[in-house]
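See below for my_file.cif, which holds mmCIF, C-alpha atoms.
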data_model
#
loop_
_atom_site.group_PDB
_atom_site.id
_atom_site.type_symbol
_atom_site.label_atom_id
_atom_site.label_comp_id
_atom_site.auth_asym_id
_atom_site.auth_seq_id
_atom_site.Cartn_x
_atom_site.Cartn_y
_atom_site.Cartn_z
ATOM 1 C CA MET A 1 79.420 43.952 235.424
ATOM 2 C CA GLU A 2 80.821 47.258 236.671
ATOM 3 C CA GLU A 3 82.704 45.542 239.493
ATOM 4 C CA ILE A 4 84.521 43.315 236.987
ATOM 5 C CA ALA A 5 85.215 46.320 234.759
ATOM 6 C CA ARG A 6 86.814 48.263 237.597
ATOM 7 C CA LEU A 7 88.830 45.310 238.884
ATOM 8 C CA VAL A 8 90.241 44.652 235.414
ATOM 9 C CA ALA A 9 90.970 48.341 234.852
ATOM 10 C CA ARG A 10 92.847 48.558 238.157
ATOM 11 C CA ALA A 11 94.818 45.404 237.403
ATOM 12 C CA LEU A 12 95.798 46.795 234.004
ATOM 13 C CA LEU A 13 96.869 50.106 235.528
ATOM 14 C CA GLN A 14 98.825 48.441 238.323
ATOM 15 C CA ILE A 15 100.993 46.534 235.846
ATOM 16 C CA GLY A 16 101.700 49.650 233.783
ATOM 17 C CA GLY A 17 99.516 48.556 230.893
ATOM 18 C CA VAL A 18 98.181 52.007 229.983
ATOM 19 C CA LYS A 19 100.217 54.943 228.684
ATOM 20 C CA ILE A 20 98.980 58.403 227.735
ATOM 21 C CA ASP A 21 101.186 60.609 225.575
ATOM 22 C CA LYS A 22 99.608 63.725 224.115
ATOM 23 C CA GLU A 23 102.682 64.562 222.042
ATOM 24 C CA ASN A 24 103.729 61.243 220.491
ATOM 25 C CA LEU A 25 100.552 59.708 219.129
ATOM 26 C CA LEU A 26 100.262 55.968 218.589
ATOM 27 C CA VAL A 27 99.153 54.908 215.109
ATOM 28 C CA PHE A 28 96.763 51.932 215.109
ATOM 29 C CA LYS A 29 96.791 49.391 212.294
ATOM 30 C CA SER A 30 93.583 51.004 211.042
ATOM 31 C CA GLY A 31 95.422 54.320 210.667
ATOM 32 C CA ILE A 32 93.760 55.983 213.657
ATOM 33 C CA LYS A 33 96.145 58.127 215.706
ATOM 34 C CA ALA A 34 95.660 57.922 219.483
ATOM 35 C CA PRO A 35 97.112 59.611 222.586
ATOM 36 C CA ILE A 36 96.589 56.429 224.628
ATOM 37 C CA TYR A 37 98.127 52.975 224.416
ATOM 38 C CA ILE A 38 96.652 49.921 226.143
ATOM 39 C CA ASP A 39 98.993 46.939 226.456
ATOM 40 C CA ASN A 40 97.180 43.783 227.585
ATOM 41 C CA ARG A 41 100.204 41.724 226.521
ATOM 42 C CA ARG A 42 101.714 42.513 229.920
ATOM 43 C CA PHE A 43 99.182 40.428 231.841
ATOM 44 C CA PRO A 44 100.880 36.989 231.577
ATOM 45 C CA PHE A 45 103.993 38.478 233.197
ATOM 46 C CA TYR A 46 101.917 39.341 236.286
ATOM 47 C CA PRO A 47 99.989 36.189 237.324
ATOM 48 C CA GLU A 48 97.894 37.840 240.052
ATOM 49 C CA ALA A 49 96.713 40.566 237.684
ATOM 50 C CA TRP A 50 96.191 38.013 234.906
ATOM 51 C CA LYS A 51 93.980 35.956 237.211
ATOM 52 C CA VAL A 52 91.667 38.974 237.500
ATOM 53 C CA VAL A 53 91.222 38.850 233.713
ATOM 54 C CA ILE A 54 90.619 35.094 233.477
ATOM 55 C CA ASP A 55 88.200 35.224 236.429
ATOM 56 C CA GLY A 56 86.455 38.126 234.698
ATOM 57 C CA PHE A 57 86.041 36.063 231.540
ATOM 58 C CA ILE A 58 84.615 33.146 233.528
ATOM 59 C CA LYS A 59 82.139 35.366 235.387
ATOM 60 C CA THR A 60 81.057 37.037 232.146
ATOM 61 C CA ILE A 61 80.470 33.668 230.498
ATOM 62 C CA GLY A 62 78.270 32.640 233.433
ATOM 63 C CA ARG A 63 76.387 35.917 233.657
ATOM 64 C CA GLU A 64 75.717 36.138 229.922
ATOM 65 C CA LYS A 65 74.994 32.387 229.673
ATOM 66 C CA ILE A 66 77.424 31.991 226.779
ATOM 67 C CA ASN A 67 77.361 28.446 225.428
ATOM 68 C CA PHE A 68 80.367 27.144 223.481
ATOM 69 C CA ASP A 69 82.418 24.048 222.757
ATOM 70 C CA VAL A 70 85.832 25.522 221.980
ATOM 71 C CA VAL A 71 87.788 28.638 222.973
ATOM 72 C CA GLY A 72 89.529 30.399 220.087
ATOM 73 C CA GLY A 73 92.282 32.999 220.454
ATOM 74 C CA ILE A 74 93.058 35.518 217.729
ATOM 75 C CA GLU A 75 96.755 35.655 216.787
ATOM 76 C CA ALA A 76 98.817 36.811 218.503
ATOM 77 C CA ALA A 77 97.744 38.708 221.618
ATOM 78 C CA GLY A 78 94.518 36.754 222.142
ATOM 79 C CA ILE A 79 96.252 33.365 222.269
ATOM 80 C CA PRO A 80 97.640 33.370 225.853
ATOM 81 C CA HIS A 81 94.278 34.439 227.256
ATOM 82 C CA SER A 82 92.293 31.888 225.246
ATOM 83 C CA ALA A 83 94.678 29.082 226.227
ATOM 84 C CA ALA A 84 94.497 30.026 229.919
ATOM 85 C CA LEU A 85 90.707 30.274 229.790
ATOM 86 C CA GLY A 86 90.366 26.933 228.022
ATOM 87 C CA TYR A 87 92.612 25.296 230.614
ATOM 88 C CA ALA A 88 90.698 26.874 233.517
ATOM 89 C CA LEU A 89 87.353 25.666 232.141
ATOM 90 C CA GLY A 90 88.532 22.300 230.856
ATOM 91 C CA LYS A 91 87.568 23.313 227.314
ATOM 92 C CA PRO A 92 89.479 22.658 224.081
ATOM 93 C CA SER A 93 91.253 25.691 222.629
ATOM 94 C CA VAL A 94 92.464 26.654 219.193
ATOM 95 C CA PHE A 95 94.043 29.737 217.737
ATOM 96 C CA ILE A 96 93.187 31.622 214.594
ATOM 97 C CA ARG A 97 95.913 33.068 212.401
ATOM 98 C CA LYS A 98 95.583 36.520 210.890
ATOM 99 C CA ASN A 99 96.837 35.198 207.560
ATOM 100 C CA THR A 100 97.205 31.791 205.948
ATOM 101 C CA LYS A 101 100.676 30.257 206.259
ATOM 102 C CA ASP A 102 102.578 29.853 202.991
ATOM 103 C CA HIS A 103 103.980 26.521 204.189
ATOM 104 C CA GLY A 104 102.882 23.424 206.144
ATOM 105 C CA THR A 105 99.147 22.807 206.307
ATOM 106 C CA LYS A 106 98.329 26.410 205.262
ATOM 107 C CA LYS A 107 95.501 26.440 207.796
ATOM 108 C CA MET A 108 94.161 29.562 209.513
ATOM 109 C CA VAL A 109 92.613 27.644 212.416
ATOM 110 C CA GLU A 110 95.226 25.691 214.357
ATOM 111 C CA GLY A 111 94.913 23.140 217.154
ATOM 112 C CA GLY A 112 91.929 20.979 216.288
ATOM 113 C CA ASP A 113 88.839 20.407 214.152
ATOM 114 C CA VAL A 114 86.145 23.035 214.830
ATOM 115 C CA SER A 115 83.662 21.766 212.249
ATOM 116 C CA GLY A 116 80.171 21.658 213.759
ATOM 117 C CA LYS A 117 81.356 23.255 217.009
ATOM 118 C CA THR A 118 80.556 26.615 218.598
ATOM 119 C CA VAL A 119 83.703 28.683 219.140
ATOM 120 C CA LEU A 120 84.006 31.521 221.646
ATOM 121 C CA ILE A 121 86.519 34.056 220.332
ATOM 122 C CA ILE A 122 88.960 35.689 222.750
ATOM 123 C CA GLU A 123 90.742 38.956 221.962
ATOM 124 C CA ASP A 124 92.903 41.219 224.083
ATOM 125 C CA LEU A 125 91.802 44.544 222.573
ATOM 126 C CA ILE A 126 89.237 45.793 220.091
ATOM 127 C CA THR A 127 89.770 48.932 218.041
ATOM 128 C CA THR A 128 87.882 48.668 214.738
ATOM 129 C CA GLY A 129 87.390 44.897 215.099
ATOM 130 C CA GLY A 130 88.965 43.946 211.777
ATOM 131 C CA SER A 131 91.306 41.222 213.047
ATOM 132 C CA SER A 132 88.619 39.597 215.177
ATOM 133 C CA LEU A 133 86.090 39.543 212.371
ATOM 134 C CA ARG A 134 88.605 38.000 209.979
ATOM 135 C CA GLY A 135 88.904 35.310 212.647
ATOM 136 C CA VAL A 136 85.140 34.888 212.632
ATOM 137 C CA GLU A 137 85.236 34.418 208.868
ATOM 138 C CA ALA A 138 88.055 31.863 209.120
ATOM 139 C CA LEU A 139 86.155 29.850 211.717
ATOM 140 C CA ARG A 140 82.922 29.925 209.740
ATOM 141 C CA ASN A 141 84.846 28.778 206.670
ATOM 142 C CA GLU A 142 85.786 25.736 208.781
ATOM 143 C CA SER A 143 82.042 25.131 209.442
ATOM 144 C CA ALA A 144 82.194 26.430 213.021
ATOM 145 C CA THR A 145 79.500 28.534 214.666
ATOM 146 C CA VAL A 146 80.619 31.874 216.127
ATOM 147 C CA GLN A 147 78.169 33.931 218.169
ATOM 148 C CA ASP A 148 80.243 35.646 220.864
ATOM 149 C CA CYS A 149 83.564 37.419 221.310
ATOM 150 C CA LEU A 150 85.130 38.159 224.703
ATOM 151 C CA VAL A 151 87.658 40.969 224.895
ATOM 152 C CA ILE A 152 89.626 42.498 227.761
ATOM 153 C CA THR A 153 89.432 46.119 226.619
ATOM 154 C CA ASN A 154 87.411 47.956 224.000
ATOM 155 C CA TYR A 155 87.953 51.493 222.741
ATOM 156 C CA GLY A 156 84.217 51.794 222.123
ATOM 157 C CA PHE A 157 84.398 52.796 218.471
ATOM 158 C CA GLU A 158 81.010 52.765 216.741
ATOM 159 C CA GLU A 159 82.698 51.234 213.692
ATOM 160 C CA ALA A 160 83.567 48.128 215.708
ATOM 161 C CA SER A 161 80.120 47.816 217.269
ATOM 162 C CA SER A 162 78.436 48.063 213.866
ATOM 163 C CA ALA A 163 80.846 45.569 212.292
ATOM 164 C CA PHE A 164 80.225 42.935 214.971
ATOM 165 C CA SER A 165 76.458 43.448 214.770
ATOM 166 C CA ALA A 166 76.568 43.048 210.993
ATOM 167 C CA GLN A 167 78.235 39.657 211.467
ATOM 168 C CA HIS A 168 75.772 38.638 214.199
ATOM 169 C CA VAL A 169 78.488 38.373 216.829
ATOM 170 C CA GLN A 170 77.866 39.625 220.375
ATOM 171 C CA LEU A 171 80.830 41.578 221.748
ATOM 172 C CA HIS A 172 81.484 41.321 225.504
ATOM 173 C CA SER A 173 84.144 43.636 226.996
ATOM 174 C CA LEU A 174 85.579 43.186 230.480
ATOM 175 C CA THR A 175 86.349 46.892 230.805
ATOM 176 C CA SER A 176 86.091 50.121 228.836
ATOM 177 C CA LEU A 177 88.181 53.159 228.044
ATOM 178 C CA SER A 178 85.979 55.395 230.202
ATOM 179 C CA ILE A 179 86.421 53.181 233.277
ATOM 180 C CA ILE A 180 90.161 52.889 232.687
ATOM 181 C CA LEU A 181 90.376 56.696 232.638
ATOM 182 C CA GLU A 182 88.260 57.014 235.800
ATOM 183 C CA GLU A 183 90.344 54.467 237.685
ATOM 184 C CA GLY A 184 93.590 55.891 236.349
ATOM 185 C CA ARG A 185 92.712 59.317 237.660
ATOM 186 C CA ALA A 186 91.578 57.897 241.026
ATOM 187 C CA MET A 187 94.851 55.952 241.327
ATOM 188 C CA LYS A 188 96.792 59.103 240.362
ATOM 189 C CA LYS A 189 98.232 57.380 237.309
ATOM 190 C CA PHE A 190 96.914 60.128 235.005
ATOM 191 C CA SER A 191 96.612 63.878 235.394
ATOM 192 C CA ASP A 192 93.411 65.755 234.665
ATOM 193 C CA ASP A 193 95.058 67.143 231.516
ATOM 194 C CA GLN A 194 95.900 63.660 230.267
ATOM 195 C CA VAL A 195 92.359 62.407 230.820
ATOM 196 C CA ALA A 196 90.956 65.508 229.135
ATOM 197 C CA ALA A 197 93.182 64.896 226.095
ATOM 198 C CA VAL A 198 91.923 61.322 225.677
ATOM 199 C CA LEU A 199 88.287 62.370 226.138
ATOM 200 C CA ALA A 200 88.725 65.118 223.536
ATOM 201 C CA TRP A 201 90.224 62.540 221.151
ATOM 202 C CA THR A 202 87.294 60.141 221.599
ATOM 203 C CA LYS A 203 84.788 62.971 221.114
ATOM 204 C CA GLU A 204 86.525 64.037 217.915
ATOM 205 C CA LEU A 205 86.423 60.461 216.554
ATOM 206 C CA HIS A 206 82.718 60.129 217.342
ATOM 207 C CA THR A 207 81.899 63.343 215.475
ATOM 208 C CA GLN A 208 83.840 62.449 212.330
#
Same coordinates, now as structure tokens:
Amino acid sequence: MEEIARLVARALLQIGGVKIDKENLLVFKSGIKAPIYIDNRRFPFYPEAWKVVIDGFIKTIGREKINFDVVGGIEAAGIPHSAALGYALGKPSVFIRKNTKDHGTKKMVEGGDVSGKTVLIIEDLITTGGSSLRGVEALRNESATVQDCLVITNYGFEEASSAFSAQHVQLHSLTSLSIILEEGRAMKKFSDDQVAAVLAWTKELHTQ
């Protein structure tokens, strides 16, 4: 588990997927302001690094004995990873829209019929978990079973953990913010001051 986490963290750092800026805070969709930005959307541009992620997903599925029929990617950033994973495993894949289209079929689940099937959700990043859990609801409305969600990175917010537990969905993260910070410092990508700023931010969030 830790080996995968460190390999994924290093791959992410090597492709420039993590930025720390103490002055210009990033505002998440949830309204949370953060001094760190994680960009997993860069992975498909770097096939060798991306392979580390897909291999990590496959190993996690085997280790955790996750059983599923279909891979489902959350729009938009989860879709490339879910499609690649489905192809690698020879499994069908679908994607789940964040909102219903106002034209065409007006479906939230696109690609195939998931009724009666178990869908493994794939996300690139979890903050509060809202988008992923709306995907869970959409799939269950289509009579699919959803028990597990695989994500590349997870900020580790208690709000997200509680929300997934409440919906009876097991969250599996390839790597964590703490390991990304450790590897970033070891690779000299971040200064001690930058790491300290992110740790102070996470501590403040956990005490709110």
The PyMOL selection byres ((chain A and resi 142) around 8) applied to the shown file, residues as a ChimeraX atom specification: /A:109,114-115,138-141,143-144
Take the PyMOL selection byres ((chain A and resi 8-19) around 10), apply it to the structure above, and return the hits as a PyMOL selection string. chain A and resi 2-7+20-22+35-43+45-46+48-56+152-153+174-184+186-187+189-190+194
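Closest approach to A:Val71 among A:Arg134, A:Lys117, A:Lys98, A:Lys33: A:Lys117, based on only C-alpha atoms.
Interatomic distance, atom CA of A:Ile96 against atom CA of A:Gly129: 14.5 Å.
The residue set within 10 Å of A:Ser30, counting all atoms listed in the file and dropping same-chain residues fewer than 5 places from it, reads Thr127, Thr128, Gly129 and Gly130 of chain A.
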Save out the residues we just selected, C-alpha atoms, as a PDB file, in the frame of the given file.
ATOM      1  CA  THR A 127      89.770  48.932 218.041  1.00  0.00           C
ATOM      2  CA  THR A 128      87.882  48.668 214.738  1.00  0.00           C
ATOM      3  CA  GLY A 129      87.390  44.897 215.099  1.00  0.00           C
ATOM      4  CA  GLY A 130      88.965  43.946 211.777  1.00  0.00           C
TER       5      GLY A 130
END
Could you state the separation of atom CA of A:Phe68 and atom CA of A:Gly116 in Å, given to one decimal place? 11.2 Å
Using all atoms listed in the file, determine which residues lie at most 12 Å from A:Cys149, disregarding the query and same-chain residues fewer than 4 positions distant; provide the list as a VMD selection string. chain A and resid 57 60 to 61 64 66 to 68 71 to 74 78 82 118 to 126 129 131 to 133 135 to 136 145 153 to 154 161 164 to 165 167 to 174
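Atom pair atom CA of A:Arg97 / atom CA of A:Glu75 has a distance of 5.2 Å (rounded to one decimal).
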List the neighbours of A:Trp201 out to 10 Å using all atoms listed in the file; skip same-chain residues closer than 2 positions along the sequence, and give me the result as a PyMOL selection string. chain A and resi 22+33-36+195-199+203-206
The residue from A:Glu23, A:Asp148, A:Glu137, A:Glu158 with the smallest atom-to-atom distance to A:Val70, counting all atoms listed in the file, is A:Asp148
Counting all atoms listed in the file, select every polymer residue within 8 Å of (95.9, 23.9, 219.6) as defined in the file's coordinates, and provide the selection as JSON, numbers by chain. {"A": [92, 93, 94, 95, 110, 111, 112]}
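Each of A:Ile58, A:Val27, A:Met108, A:Val151 was checked against A:Tyr87 using only C-alpha atoms; the smallest atom-to-atom distance is that of A:Ile58.
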Quick one: 8 Å padding each side, axis-aligned, all listed atoms of stretch 173-181 of chain A - centre and edge lengths in Å to one decimal, as JSON?
{"center_x": 87.3, "center_y": 49.9, "center_z": 230.1, "size_x": 22.2, "size_y": 29.5, "size_z": 22.3}
So which one's closest to A:Thr202, A:Ile32, A:Arg63, A:Ala166, A:Leu150? Using all atoms listed in the file, please. A:Ile32
